[in-house]
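The data block below is my_file.txt; it holds compact mmCIF, C-alpha atoms.
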# COMPACT_ATOMS: atom_id res chain seq x y z
CA MET P 1 -3.79 -17.40 39.16
CA GLY P 2 -1.89 -15.86 36.22
CA ASN P 3 -1.68 -12.10 35.60
CA SER P 4 -3.57 -11.38 38.82
CA GLY P 5 -2.86 -9.11 41.76
CA ILE P 6 -3.54 -5.85 43.55
CA LEU P 7 -1.80 -2.56 42.81
CA THR P 8 -2.15 -0.49 45.95
CA ASP P 9 -0.56 2.62 47.54
CA ILE P 10 -1.71 4.67 44.54
CA GLY P 11 -1.54 8.36 45.44
CA VAL P 12 -3.60 9.65 42.48
CA LEU P 13 -5.48 7.34 40.11
CA ALA P 14 -6.73 8.94 36.87
CA THR P 15 -9.26 6.37 35.68
CA CYS P 16 -10.13 8.30 32.48
CA SER P 17 -13.58 6.72 32.44
CA PRO P 18 -16.05 8.23 29.93
CA ALA P 19 -18.17 10.12 32.48
CA GLY P 20 -17.81 13.88 32.38
CA GLY P 21 -16.33 14.27 28.92
CA GLN P 22 -12.78 14.89 27.83
CA SER P 23 -11.79 17.26 30.63
CA GLU P 24 -12.80 14.88 33.45
CA LEU P 25 -10.25 12.26 34.52
CA ASN P 26 -12.45 10.83 37.30
CA ILE P 27 -9.69 10.87 39.89
CA ILE P 28 -9.57 8.48 42.85
CA ARG P 29 -7.06 9.26 45.61
CA ASP P 30 -5.41 6.68 47.88
CA ALA P 31 -6.60 4.07 45.41
CA ALA P 32 -6.14 0.41 44.54
CA ILE P 33 -6.68 -1.70 41.43
CA VAL P 34 -7.51 -5.41 41.51
CA PHE P 35 -6.79 -7.39 38.36
CA VAL P 36 -7.61 -11.05 37.75
CA ASP P 37 -6.52 -13.01 34.67
CA ALA P 38 -5.27 -9.82 32.96
CA ARG P 39 -8.57 -7.94 33.48
CA ILE P 40 -9.50 -5.23 35.95
CA ASN P 41 -11.76 -6.79 38.57
CA TRP P 42 -12.19 -3.92 41.03
CA VAL P 43 -11.07 -0.28 41.35
CA GLY P 44 -11.64 2.23 44.14
CA GLU P 45 -10.25 3.70 47.34
CA ALA P 46 -7.81 1.32 49.01
CA ALA P 47 -9.74 1.62 52.27
CA ASP P 48 -12.73 -0.02 50.55
CA LEU P 49 -10.79 -2.97 49.11
CA PRO P 50 -13.03 -6.07 49.42
CA ASP P 51 -11.76 -8.86 51.69
CA ALA P 52 -12.45 -11.36 48.90
CA HIS P 53 -9.26 -10.22 47.14
CA SER P 54 -6.97 -10.50 50.15
CA GLY P 55 -5.20 -13.62 48.85
CA LEU P 56 -3.90 -12.01 45.67
CA PRO P 57 -0.29 -10.85 45.27
CA THR P 58 0.08 -7.19 46.25
CA PHE P 59 2.24 -4.59 44.50
CA SER P 60 2.93 -1.10 45.79
CA ALA P 61 2.75 2.00 43.60
CA GLY P 62 4.67 3.88 46.28
CA GLY P 63 2.24 6.78 46.38
CA ARG P 64 2.75 7.53 42.69
CA THR P 65 0.24 8.72 40.10
CA VAL P 66 -1.30 5.93 37.99
CA ILE P 67 -2.91 6.41 34.59
CA PRO P 68 -4.32 4.06 31.94
CA GLY P 69 -1.79 2.67 29.48
CA LEU P 70 -1.09 5.18 26.73
CA VAL P 71 -2.33 4.47 23.20
CA ASP P 72 -0.47 5.85 20.17
CA CYS P 73 -3.27 5.80 17.61
CA HIS P 74 -1.37 7.18 14.60
CA THR P 75 2.10 5.97 13.57
CA HIS P 76 3.91 4.98 10.38
CA LEU P 77 6.09 2.55 12.30
CA ALA P 78 7.68 0.47 9.54
CA PHE P 79 9.95 2.39 7.18
CA GLY P 80 13.40 2.23 5.69
CA GLY P 81 15.93 5.02 6.20
CA TRP P 82 15.64 8.54 7.58
CA ARG P 83 15.39 12.05 6.12
CA ALA P 84 17.54 14.25 8.36
CA ASP P 85 18.61 16.35 5.35
CA GLU P 86 15.02 17.58 4.97
CA PHE P 87 15.06 18.88 8.54
CA GLN P 88 17.66 21.44 7.52
CA MET P 89 15.89 22.17 4.23
CA ARG P 90 12.71 23.14 6.06
CA ILE P 91 14.63 25.35 8.48
CA GLU P 92 16.16 27.09 5.46
CA GLY P 93 12.67 27.81 4.12
CA ARG P 94 11.77 24.99 1.75
CA SER P 95 8.19 23.77 2.13
CA TYR P 96 6.86 20.23 2.49
CA LEU P 97 5.51 20.37 -1.07
CA ASP P 98 8.77 21.83 -2.46
CA ILE P 99 10.79 18.99 -0.95
CA ALA P 100 8.34 16.40 -2.24
CA ALA P 101 8.42 17.87 -5.76
CA SER P 102 12.22 17.62 -5.83
CA GLY P 103 12.23 13.88 -5.08
CA GLY P 104 12.30 14.01 -1.30
CA GLY P 105 9.54 13.32 1.16
CA ILE P 106 7.44 10.18 0.99
CA GLN P 107 8.86 9.18 -2.42
CA LYS P 108 12.37 9.04 -0.93
CA THR P 109 11.23 6.86 1.96
CA MET P 110 9.36 4.68 -0.51
CA GLY P 111 12.60 3.87 -2.31
CA GLN P 112 14.40 3.06 0.94
CA THR P 113 11.50 0.96 2.23
CA ARG P 114 11.20 -1.06 -0.97
CA LEU P 115 14.88 -2.00 -0.58
CA ALA P 116 14.48 -2.97 3.09
CA THR P 117 14.02 -6.62 3.98
CA HIS P 118 11.16 -8.01 6.04
CA GLU P 119 13.61 -8.83 8.83
CA SER P 120 15.21 -5.37 8.92
CA LEU P 121 11.78 -3.72 9.05
CA LEU P 122 10.67 -6.07 11.82
CA GLN P 123 13.78 -5.28 13.88
CA HIS P 124 13.12 -1.57 13.38
CA CYS P 125 9.56 -2.01 14.68
CA LEU P 126 10.71 -4.07 17.66
CA GLU P 127 13.28 -1.43 18.58
CA TYR P 128 10.76 1.38 18.66
CA THR P 129 7.96 -0.54 20.35
CA SER P 130 10.49 -1.44 23.05
CA ARG P 131 11.37 2.24 23.45
CA SER P 132 7.70 3.26 23.47
CA VAL P 133 6.72 0.85 26.24
CA ARG P 134 9.31 2.54 28.48
CA LEU P 135 7.34 5.76 28.02
CA GLY P 136 4.07 4.13 29.08
CA VAL P 137 2.70 3.19 25.65
CA THR P 138 0.69 -0.05 25.75
CA ALA P 139 -0.98 -0.05 22.31
CA ILE P 140 -0.01 1.28 18.91
CA GLU P 141 -1.57 1.77 15.50
CA CYS P 142 0.79 1.00 12.59
CA LYS P 143 0.21 2.27 9.05
CA THR P 144 1.74 1.17 5.78
CA GLY P 145 2.25 3.82 3.11
CA TYR P 146 5.94 3.58 2.26
CA GLY P 147 5.83 0.53 0.01
CA LEU P 148 3.34 1.95 -2.50
CA SER P 149 3.13 -1.21 -4.58
CA PHE P 150 1.12 -4.39 -4.28
CA ASP P 151 4.02 -6.47 -2.97
CA ASP P 152 5.63 -3.81 -0.79
CA GLU P 153 2.44 -2.75 0.96
CA LEU P 154 1.76 -6.41 1.75
CA LYS P 155 5.34 -6.71 2.99
CA LEU P 156 4.71 -3.96 5.55
CA LEU P 157 1.44 -5.49 6.70
CA ARG P 158 3.11 -8.87 7.11
CA VAL P 159 5.80 -7.21 9.23
CA TYR P 160 3.04 -5.86 11.48
CA ALA P 161 1.39 -9.27 11.61
CA GLU P 162 4.63 -10.81 12.87
CA LEU P 163 5.21 -7.88 15.23
CA LYS P 164 1.95 -8.72 17.01
CA GLY P 165 3.44 -12.00 18.19
CA LYS P 166 6.73 -10.47 19.32
CA THR P 167 5.69 -7.40 21.33
CA ALA P 168 3.53 -7.03 24.43
CA LEU P 169 1.85 -3.99 22.90
CA ASP P 170 -1.50 -4.36 21.16
CA VAL P 171 -0.92 -3.61 17.48
CA ALA P 172 -3.65 -2.27 15.17
CA SER P 173 -2.73 -2.41 11.47
CA THR P 174 -3.84 0.15 8.86
CA LEU P 175 -3.52 0.00 5.09
CA LEU P 176 -2.31 3.37 3.75
CA ALA P 177 -1.54 2.40 0.16
CA ALA P 178 -3.09 5.76 -0.82
CA HIS P 179 -0.38 7.81 0.90
CA VAL P 180 0.90 9.44 -2.28
CA VAL P 181 0.95 8.22 -5.87
CA PRO P 182 4.33 6.56 -6.46
CA LYS P 183 6.32 8.11 -9.28
CA ILE P 184 7.78 4.78 -10.34
CA ASN P 185 6.75 1.14 -10.08
CA PRO P 186 9.14 -1.43 -8.59
CA ASP P 187 10.12 -2.49 -12.12
CA GLY P 188 11.30 1.04 -12.92
CA THR P 189 8.37 2.01 -15.15
CA LYS P 190 6.45 5.24 -14.63
CA CYS P 191 3.38 4.83 -12.42
CA ASN P 192 -0.03 5.89 -13.71
CA LYS P 193 -2.33 7.24 -10.99
CA GLN P 194 -5.53 5.67 -12.26
CA ASN P 195 -3.85 2.28 -12.72
CA TYR P 196 -2.44 2.52 -9.21
CA ILE P 197 -5.85 3.31 -7.71
CA LYS P 198 -7.34 0.44 -9.72
CA MET P 199 -4.70 -1.90 -8.27
CA ILE P 200 -5.52 -0.75 -4.73
CA CYS P 201 -9.24 -1.32 -5.19
CA GLU P 202 -9.23 -4.47 -7.30
CA ARG P 203 -6.19 -6.37 -5.99
CA LEU P 204 -4.67 -4.97 -2.81
CA ILE P 205 -7.73 -4.32 -0.66
CA PRO P 206 -9.32 -7.72 -1.42
CA THR P 207 -6.02 -9.49 -0.64
CA VAL P 208 -5.54 -7.58 2.61
CA ALA P 209 -9.09 -8.38 3.68
CA GLU P 210 -8.85 -12.05 2.69
CA GLU P 211 -5.62 -12.51 4.69
CA GLY P 212 -6.89 -10.42 7.64
CA LEU P 213 -3.82 -8.17 7.50
CA ALA P 214 -5.48 -4.83 8.39
CA GLU P 215 -8.49 -3.44 10.20
CA PHE P 216 -8.40 0.07 8.76
CA ASN P 217 -8.05 1.74 5.36
CA ASP P 218 -6.49 5.22 5.24
CA ILE P 219 -5.84 7.88 2.59
CA PHE P 220 -3.94 11.18 2.40
CA VAL P 221 -6.24 13.80 0.84
CA GLU P 222 -4.08 16.79 -0.04
CA GLN P 223 -2.51 18.69 -2.91
CA GLY P 224 0.08 16.38 -4.45
CA ALA P 225 -1.62 13.28 -3.03
CA TYR P 226 -5.28 12.25 -3.48
CA THR P 227 -8.61 14.00 -4.12
CA THR P 228 -11.91 13.71 -2.30
CA GLU P 229 -13.21 11.65 -5.25
CA ASP P 230 -10.29 9.26 -4.88
CA ALA P 231 -11.04 8.98 -1.17
CA ARG P 232 -14.68 8.08 -1.76
CA LEU P 233 -13.71 5.32 -4.18
CA ILE P 234 -10.86 3.83 -2.13
CA LEU P 235 -12.51 4.05 1.29
CA LYS P 236 -15.88 2.77 0.10
CA THR P 237 -14.10 -0.15 -1.55
CA GLY P 238 -12.36 -0.86 1.73
CA GLU P 239 -15.66 -0.67 3.59
CA LYS P 240 -17.13 -3.32 1.30
CA HIS P 241 -14.28 -5.59 2.37
CA GLY P 242 -14.66 -4.84 6.08
CA LEU P 243 -11.92 -2.20 6.45
CA LYS P 244 -12.89 0.84 8.53
CA ALA P 245 -12.16 4.25 7.06
CA LYS P 246 -9.55 6.69 8.34
CA LEU P 247 -8.29 9.89 6.70
CA HIS P 248 -5.28 12.22 6.68
CA VAL P 249 -6.98 15.53 5.87
CA ASP P 250 -6.77 19.34 6.08
CA GLN P 251 -3.07 19.26 6.96
CA LEU P 252 -1.72 21.86 4.53
CA GLY P 253 -4.98 23.64 3.69
CA ASP P 254 -8.75 23.35 4.08
CA GLY P 255 -9.69 20.66 1.59
CA GLY P 256 -13.08 19.92 3.12
CA GLY P 257 -11.61 16.95 4.97
CA GLY P 258 -13.74 17.26 8.06
CA LYS P 259 -16.96 17.11 6.06
CA LEU P 260 -15.58 14.26 3.96
CA ALA P 261 -14.73 12.24 7.07
CA ALA P 262 -18.27 12.75 8.35
CA GLU P 263 -19.78 11.80 4.99
CA LEU P 264 -17.78 8.57 4.89
CA ALA P 265 -18.46 7.76 8.57
CA ALA P 266 -14.73 7.50 9.18
CA ILE P 267 -13.61 6.25 12.57
CA SER P 268 -11.08 9.10 12.70
CA ALA P 269 -9.78 12.09 10.78
CA ASP P 270 -6.20 13.08 11.50
CA HIS P 271 -4.12 16.29 11.24
CA LEU P 272 -7.00 18.79 10.75
CA GLU P 273 -4.87 21.91 11.07
CA TYR P 274 -7.09 23.83 8.62
CA THR P 275 -10.51 22.23 9.12
CA SER P 276 -13.40 24.68 8.75
CA PRO P 277 -16.07 25.30 11.42
CA GLU P 278 -18.52 23.47 9.13
CA GLY P 279 -16.19 20.49 8.96
CA ILE P 280 -15.82 20.45 12.72
CA ARG P 281 -19.60 20.48 13.22
CA ALA P 282 -20.00 17.67 10.68
CA MET P 283 -17.44 15.55 12.52
CA ALA P 284 -19.25 16.16 15.81
CA ASN P 285 -22.55 15.05 14.32
CA ALA P 286 -20.97 11.92 12.80
CA ASP P 287 -18.97 11.04 15.96
CA VAL P 288 -15.65 11.06 14.11
CA VAL P 289 -12.60 11.16 16.39
CA ALA P 290 -10.25 14.07 15.64
CA VAL P 291 -6.59 13.09 16.01
CA CYS P 292 -4.19 15.87 16.98
CA LEU P 293 -0.63 15.36 15.69
CA PRO P 294 1.48 18.19 17.12
CA PHE P 295 4.86 16.81 16.02
CA ALA P 296 3.87 17.25 12.36
CA SER P 297 2.81 20.85 12.97
CA LEU P 298 6.03 21.53 14.86
CA TYR P 299 8.42 19.99 12.34
CA LEU P 300 6.64 21.45 9.30
CA ASN P 301 6.26 24.88 10.94
CA GLN P 302 2.52 24.74 10.29
CA PRO P 303 -0.24 26.27 12.42
CA PRO P 304 -1.25 23.62 14.98
CA MET P 305 -4.65 21.96 15.06
CA LYS P 306 -7.13 24.21 16.89
CA ALA P 307 -8.16 21.57 19.40
CA ARG P 308 -10.31 23.97 21.43
CA ALA P 309 -12.68 24.45 18.49
CA PHE P 310 -13.14 20.68 18.19
CA LEU P 311 -13.58 20.20 21.93
CA ASP P 312 -16.07 23.05 22.18
CA ALA P 313 -18.09 21.48 19.36
CA GLY P 314 -18.25 18.16 21.21
CA VAL P 315 -15.71 16.25 19.09
CA ASP P 316 -13.61 13.62 20.87
CA VAL P 317 -9.97 14.60 20.35
CA ALA P 318 -7.16 12.04 20.43
CA VAL P 319 -3.43 12.78 20.60
CA ALA P 320 -0.78 10.73 18.77
CA THR P 321 2.80 10.99 17.55
CA ASP P 322 2.47 10.43 13.77
CA PHE P 323 5.90 8.78 14.13
CA ASN P 324 7.51 8.77 10.67
CA PRO P 325 10.92 9.57 9.15
CA GLY P 326 9.96 12.93 7.67
CA SER P 327 7.38 15.17 9.32
CA ALA P 328 7.29 13.58 12.80
CA PRO P 329 10.51 11.67 13.59
CA SER P 330 9.67 11.11 17.27
CA TYR P 331 7.91 8.25 19.04
CA ASP P 332 7.63 10.16 22.36
CA LEU P 333 3.89 10.20 23.05
CA PRO P 334 4.12 12.06 26.41
CA LEU P 335 6.06 14.82 24.61
CA ALA P 336 3.34 14.94 21.93
CA MET P 337 0.80 15.33 24.75
CA MET P 338 2.72 18.26 26.22
CA LEU P 339 2.85 19.90 22.77
CA ALA P 340 -0.89 19.33 22.39
CA CYS P 341 -1.23 21.38 25.57
CA THR P 342 1.12 24.21 24.61
CA MET P 343 0.41 24.36 20.87
CA SER P 344 -3.19 23.20 20.53
CA ARG P 345 -4.38 24.55 23.90
CA MET P 346 -5.59 21.28 25.37
CA THR P 347 -5.54 21.03 29.14
CA PRO P 348 -3.35 18.30 30.65
CA ALA P 349 -6.51 16.34 31.51
CA GLU P 350 -7.79 16.64 27.92
CA ALA P 351 -4.42 15.57 26.54
CA LEU P 352 -4.31 12.52 28.82
CA LYS P 353 -7.81 11.44 27.90
CA GLY P 354 -6.82 12.09 24.29
CA ALA P 355 -3.91 9.66 24.55
CA THR P 356 -5.90 6.99 26.39
CA LEU P 357 -9.67 6.60 26.03
CA ASN P 358 -10.12 8.70 22.87
CA ALA P 359 -7.02 7.21 21.27
CA ALA P 360 -8.46 3.76 21.96
CA LYS P 361 -11.71 4.90 20.35
CA ALA P 362 -9.77 5.99 17.24
CA ILE P 363 -8.72 2.36 16.73
CA SER P 364 -12.00 0.74 17.88
CA ARG P 365 -10.52 -0.44 21.18
CA GLU P 366 -12.39 1.73 23.68
CA GLN P 367 -14.27 -1.31 25.03
CA GLU P 368 -10.97 -3.14 25.57
CA TYR P 369 -8.71 -0.49 27.15
CA GLY P 370 -8.07 3.25 27.40
CA SER P 371 -9.53 3.67 30.89
CA ILE P 372 -9.22 1.91 34.23
CA GLU P 373 -12.63 0.28 34.53
CA ILE P 374 -13.91 -3.14 35.56
CA GLY P 375 -13.69 -5.64 32.70
CA LYS P 376 -11.01 -3.83 30.72
CA ARG P 377 -7.47 -5.06 30.23
CA ALA P 378 -5.13 -4.36 33.14
CA ASN P 379 -3.08 -1.80 31.22
CA PHE P 380 -1.79 1.02 33.41
CA VAL P 381 1.28 3.15 34.02
CA GLU P 382 2.96 4.37 37.21
CA LEU P 383 4.35 7.90 36.97
CA SER P 384 6.83 9.62 39.27
CA VAL P 385 4.77 12.83 39.35
CA PRO P 386 2.35 14.25 41.94
CA ASP P 387 -0.48 14.68 39.42
CA VAL P 388 -1.26 14.99 35.73
CA ASN P 389 -0.99 18.79 35.62
CA HIS P 390 2.51 18.63 37.09
CA TRP P 391 3.48 15.92 34.61
CA MET P 392 2.69 18.10 31.62
CA TYR P 393 3.89 21.36 33.20
CA HIS P 394 7.27 20.19 34.58
CA PHE P 395 8.07 18.01 31.58
CA GLN P 396 11.00 15.63 32.00
CA PRO P 397 12.59 13.10 29.62
CA ASN P 398 10.60 10.22 31.14
CA SER P 399 8.36 10.08 34.19
CA CYS P 400 7.24 6.48 33.56
CA VAL P 401 8.37 4.15 36.34
CA ARG P 402 6.41 1.02 35.45
CA THR P 403 4.29 -0.07 32.49
CA TRP P 404 1.72 -2.83 33.04
CA ILE P 405 0.09 -4.64 30.11
CA GLY P 406 -2.53 -7.28 30.82
CA GLY P 407 -1.43 -7.42 34.45
CA ASN P 408 2.23 -8.02 33.57
CA ARG P 409 5.02 -5.57 34.45
CA ILE P 410 6.46 -5.14 30.98
CA PHE P 411 8.74 -2.27 32.02
CA ASP P 412 9.98 -1.70 35.55
CA SER P 413 12.71 0.82 36.36
CA ILE P 414 12.62 -0.04 40.08
CA ASP P 415 12.92 -3.83 40.39
As structure tokens, what does this structure read like?
Amino acid sequence: MGNSGILTDIGVLATCSPAGGQSELNIIRDAAIVFVDARINWVGEAADLPDAHSGLPTFSAGGRTVIPGLVDCHTHLAFGGWRADEFQMRIEGRSYLDIAASGGGIQKTMGQTRLATHESLLQHCLEYTSRSVRLGVTAIECKTGYGLSFDDELKLLRVYAELKGKTALDVASTLLAAHVVPKINPDGTKCNKQNYIKMICERLIPTVAEEGLAEFNDIFVEQGAYTTEDARLILKTGEKHGLKAKLHVDQLGDGGGGKLAAELAAISADHLEYTSPEGIRAMANADVVAVCLPFASLYLNQPPMKARAFLDAGVDVAVATDFNPGSAPSYDLPLAMMLACTMSRMTPAEALKGATLNAAKAISREQEYGSIEIGKRANFVELSVPDVNHWMYHFQPNSCVRTWIGGNRIFDSID
């Protein structure tokens, strides 16, 4: 029987099931997990393990803590080049907008990404998904946004489509053609904003939908990027073609992004460092997932997202890396979780649920994985820590010992 077995000798099992809200991990001690054909078939205390499963292969967790597979629900995985020079610029006092206005930022990465080949971008993605799985990541959302032309945005989505067949991780693809307005077209001519938006709505979105290259449609609403009116047009066009709405909002100032996300029934709104109390309440009423991205706040020296305000209002909060070459050049999701604790005042339990169940919800996968429950994919991680609090408190480079995806040991530092 393929991808089947019993993981036993689990000291602490954080199932992260929905009951009890974000702060409740629904812990089972001295636990076992039965998985059959890549799906969880039974979970509970090892002493109650049904005899019917006695013939399955048995694997020992060695008394370790086990959690659901981590889900990185916001990355910009495919890009060309890096921007280490901007790291120093920001330390010396130049702002995100200053750097962008002088030809740096997203426009610089756009130029490097347009020059990159499909194969080089694919190898880049494979390298970092391989590194992520060693940290316990089992699923990843991948945005475009650095091609910023019809052909180059499709190039990135086709890289992600090929990536899906070459990595064990589940890959969710997002169109972010509306990242910023490109200053120049690939042919060297000056880009006109309205013509670019027209191309997104009339050519790019229909092509992406027809070829099934993305599930989500995203936009960056901010000074120097796009307006709320642009967002309504682009995201509603995407919705007509079956693409679910996501938004980058309220990162550098309160632009009404929380209320906009609620109005557009977005699946998630991300960043949210400056979202107003009214925006938070609107997101709660519309069941929009709030995605906390602490690396971006850290690298840009911005006030972090006030996660407690969202949690207290009843908003589901996810945690992700925002992995990109400029404002968040790290793929380390456990580190992002620790920063969500220290900077955004999430408890370790809230951060874990934010990087599992709520992160899965932010990419419409909460019925598939994100918690250790019967019927879900057998995605789980063994950690060399006594419990989740200790994991976040005594942070080490990597506490992941094994990563299981669909009942397969994809990463194993023991055997």
d(CA of Gln112 in chain P, CA of Glu127 in chain P) in Å | 18.2 Å
Could you name the residues that touch range 245-256 of chain P at 8 Å or less, counting all atoms listed in the file, but leaving out those on the same chain fewer than 6 positions away, as JSON, numbers by chain?
-> {"P": [216, 217, 218, 219, 220, 221, 222, 235, 238, 239, 264, 265, 266, 267, 268, 269, 270, 271, 272, 273, 274, 275, 276, 279, 302]}
Could you check which of P:Gly105, P:Pro50, P:Gly20, P:Gly69 is closest to Ala378 in chain P, using all atoms listed in the file?
->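 So, comparing all the options, the nearest one is P:Gly69.
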For CA of Leu157 in chain P and CA of Leu213 in chain P, determine how far apart the two atoms are, in Å to one decimal place.
->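 Taking CA of Leu157 in chain P and CA of Leu213 in chain P, their separation equals 6.0 Å.
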Could you tell me which of P:Ser60, P:Gln194, P:Gln107, P:Thr15 comes closest to Arg83 in chain P if we count only C-alpha atoms?
->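 Of all the options, P:Gln107 lies closest to Arg83 in chain P.
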Quick one: distance from CA of Ala359 in chain P to CA of Tyr226 in chain P in Å, one decimal?
-> 25.3 Å
Top pick for closest residue to Gly21 in chain P, considering P:Glu368, P:Asp415, P:Glu373, P:Glu350 and counting all atoms listed in the file =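 Among the listed residues, P:Glu350 lies closest to Gly21 in chain P.
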Contacts of Phe59 in chain P at 9 Å or less, counting all atoms listed in the file, minus same-chain residues fewer than 6 places along, as an mmCIF file with C-alpha atoms, in the frame of the given file?
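Final output, part10.cif:
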data_model
loop_
_atom_site.group_PDB
_atom_site.id
_atom_site.type_symbol
_atom_site.label_atom_id
_atom_site.label_comp_id
_atom_site.auth_asym_id
_atom_site.auth_seq_id
_atom_site.Cartn_x
_atom_site.Cartn_y
_atom_site.Cartn_z
ATOM 1 C CA GLY P 5 -2.860 -9.110 41.760
ATOM 2 C CA ILE P 6 -3.540 -5.850 43.550
ATOM 3 C CA LEU P 7 -1.800 -2.560 42.810
ATOM 4 C CA THR P 8 -2.150 -0.490 45.950
ATOM 5 C CA ASP P 9 -0.560 2.620 47.540
#
Considering all atoms listed in the file, return as number ranges by chain whatever protein or nucleic-acid residues lie within 9 Å of Phe87 in chain P, sequence-local ones (same chain, fewer than 4 positions apart) excluded.
-> P: 83, 91-92, 299-300, 326-327
Quick one: residues within 8 Å of range 380-395 of chain P, only C-alpha atoms counted, chain neighbours fewer than 5 positions away excluded, as a list in words?
->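 Residues meeting the cut-off are Gly11, Val12, Ala61, Arg64, Thr65, Val66, Ile67, Pro68, Gly69, Leu70, Gly136, Leu335, Met337, Met338, Cys341, Pro348, Ala349, Leu352, Ile372, Cys400, Val401, Arg402, Thr403, Trp404 and Ile405 of chain P.
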In terms of only C-alpha atoms, the residue from P:Val171, P:Ala47, P:Leu56, P:Ala231 at minimal distance from Val34 in chain P is P:Leu56
What's around Lys143 in chain P at 10 Å? Count all atoms listed in the file, leave out sequence neighbours fewer than 4 positions away in its own chain, and write the answer as a PDB file with C-alpha atoms, in the frame of the given file.
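What follows is the written file around-v6.pdb:
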ATOM      1  CA  CYS P  73      -3.270   5.800  17.610  1.00  0.00           C
ATOM      2  CA  HIS P  74      -1.370   7.180  14.600  1.00  0.00           C
ATOM      3  CA  THR P  75       2.100   5.970  13.570  1.00  0.00           C
ATOM      4  CA  HIS P  76       3.910   4.980  10.380  1.00  0.00           C
ATOM      5  CA  LEU P  77       6.090   2.550  12.300  1.00  0.00           C
ATOM      6  CA  ALA P  78       7.680   0.470   9.540  1.00  0.00           C
ATOM      7  CA  PHE P  79       9.950   2.390   7.180  1.00  0.00           C
ATOM      8  CA  GLU P 153       2.440  -2.750   0.960  1.00  0.00           C
ATOM      9  CA  LEU P 156       4.710  -3.960   5.550  1.00  0.00           C
ATOM     10  CA  LEU P 157       1.440  -5.490   6.700  1.00  0.00           C
ATOM     11  CA  TYR P 160       3.040  -5.860  11.480  1.00  0.00           C
ATOM     12  CA  ALA P 172      -3.650  -2.270  15.170  1.00  0.00           C
ATOM     13  CA  SER P 173      -2.730  -2.410  11.470  1.00  0.00           C
ATOM     14  CA  THR P 174      -3.840   0.150   8.860  1.00  0.00           C
ATOM     15  CA  LEU P 175      -3.520   0.000   5.090  1.00  0.00           C
ATOM     16  CA  LEU P 176      -2.310   3.370   3.750  1.00  0.00           C
ATOM     17  CA  ALA P 177      -1.540   2.400   0.160  1.00  0.00           C
ATOM     18  CA  HIS P 179      -0.380   7.810   0.900  1.00  0.00           C
ATOM     19  CA  ALA P 214      -5.480  -4.830   8.390  1.00  0.00           C
ATOM     20  CA  PHE P 216      -8.400   0.070   8.760  1.00  0.00           C
ATOM     21  CA  ASN P 217      -8.050   1.740   5.360  1.00  0.00           C
ATOM     22  CA  ASP P 218      -6.490   5.220   5.240  1.00  0.00           C
ATOM     23  CA  ASP P 322       2.470  10.430  13.770  1.00  0.00           C
ATOM     24  CA  ASN P 324       7.510   8.770  10.670  1.00  0.00           C
TER      25      ASN P 324
END
Pick from P:Asp187, P:Asp316, P:Asp85, P:Glu119 nearest to Ser149 in chain P, counting all atoms listed in the file = P:Asp187
Minimum-distance residue to Pro304 in chain P, chosen among P:Ile184, P:Met346, P:Met199, P:Ala284 (using all atoms listed in the file) |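 Nearest candidate to Pro304 in chain P out of P:Ile184, P:Met346, P:Met199, P:Ala284: P:Met346.
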Take the point (-18.8, 19.4, 7.5) as written in the file and pick out every residue within 9 Å of it, counting only C-alpha atoms; give the list as a ChimeraX atom specification.
-> /P:256-263,275-285
Since the input lacks some atoms of range 10-19 of chain P, please model N, CA and C atoms and print them as a short mmCIF file (atom, residue, chain, number, x, y, z; two decimals), in the frame of the given file.
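To be explicit, this is the file written out as part22.cif:
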data_model
loop_
_atom_site.label_atom_id
_atom_site.label_comp_id
_atom_site.auth_asym_id
_atom_site.auth_seq_id
_atom_site.Cartn_x
_atom_site.Cartn_y
_atom_site.Cartn_z
N ILE P 10 -1.62 3.72 45.66
CA ILE P 10 -1.71 4.67 44.54
C ILE P 10 -2.10 6.04 45.10
N GLY P 11 -1.24 7.03 44.92
CA GLY P 11 -1.54 8.36 45.44
C GLY P 11 -2.68 9.02 44.68
N VAL P 12 -2.57 9.07 43.36
CA VAL P 12 -3.60 9.65 42.48
C VAL P 12 -3.86 8.67 41.35
N LEU P 13 -5.10 8.24 41.19
CA LEU P 13 -5.48 7.34 40.11
C LEU P 13 -6.39 8.09 39.14
N ALA P 14 -5.91 8.33 37.91
CA ALA P 14 -6.73 8.94 36.87
C ALA P 14 -7.37 7.81 36.07
N THR P 15 -8.62 7.52 36.34
CA THR P 15 -9.26 6.37 35.68
C THR P 15 -9.58 6.64 34.22
N CYS P 16 -9.80 7.91 33.86
CA CYS P 16 -10.13 8.30 32.48
C CYS P 16 -11.39 7.62 31.97
N SER P 17 -12.31 7.31 32.86
CA SER P 17 -13.58 6.72 32.44
C SER P 17 -14.39 7.75 31.65
N PRO P 18 -15.36 7.31 30.84
CA PRO P 18 -16.05 8.23 29.93
C PRO P 18 -16.85 9.34 30.61
N ALA P 19 -17.30 9.13 31.82
CA ALA P 19 -18.17 10.12 32.48
C ALA P 19 -17.52 11.48 32.57
#
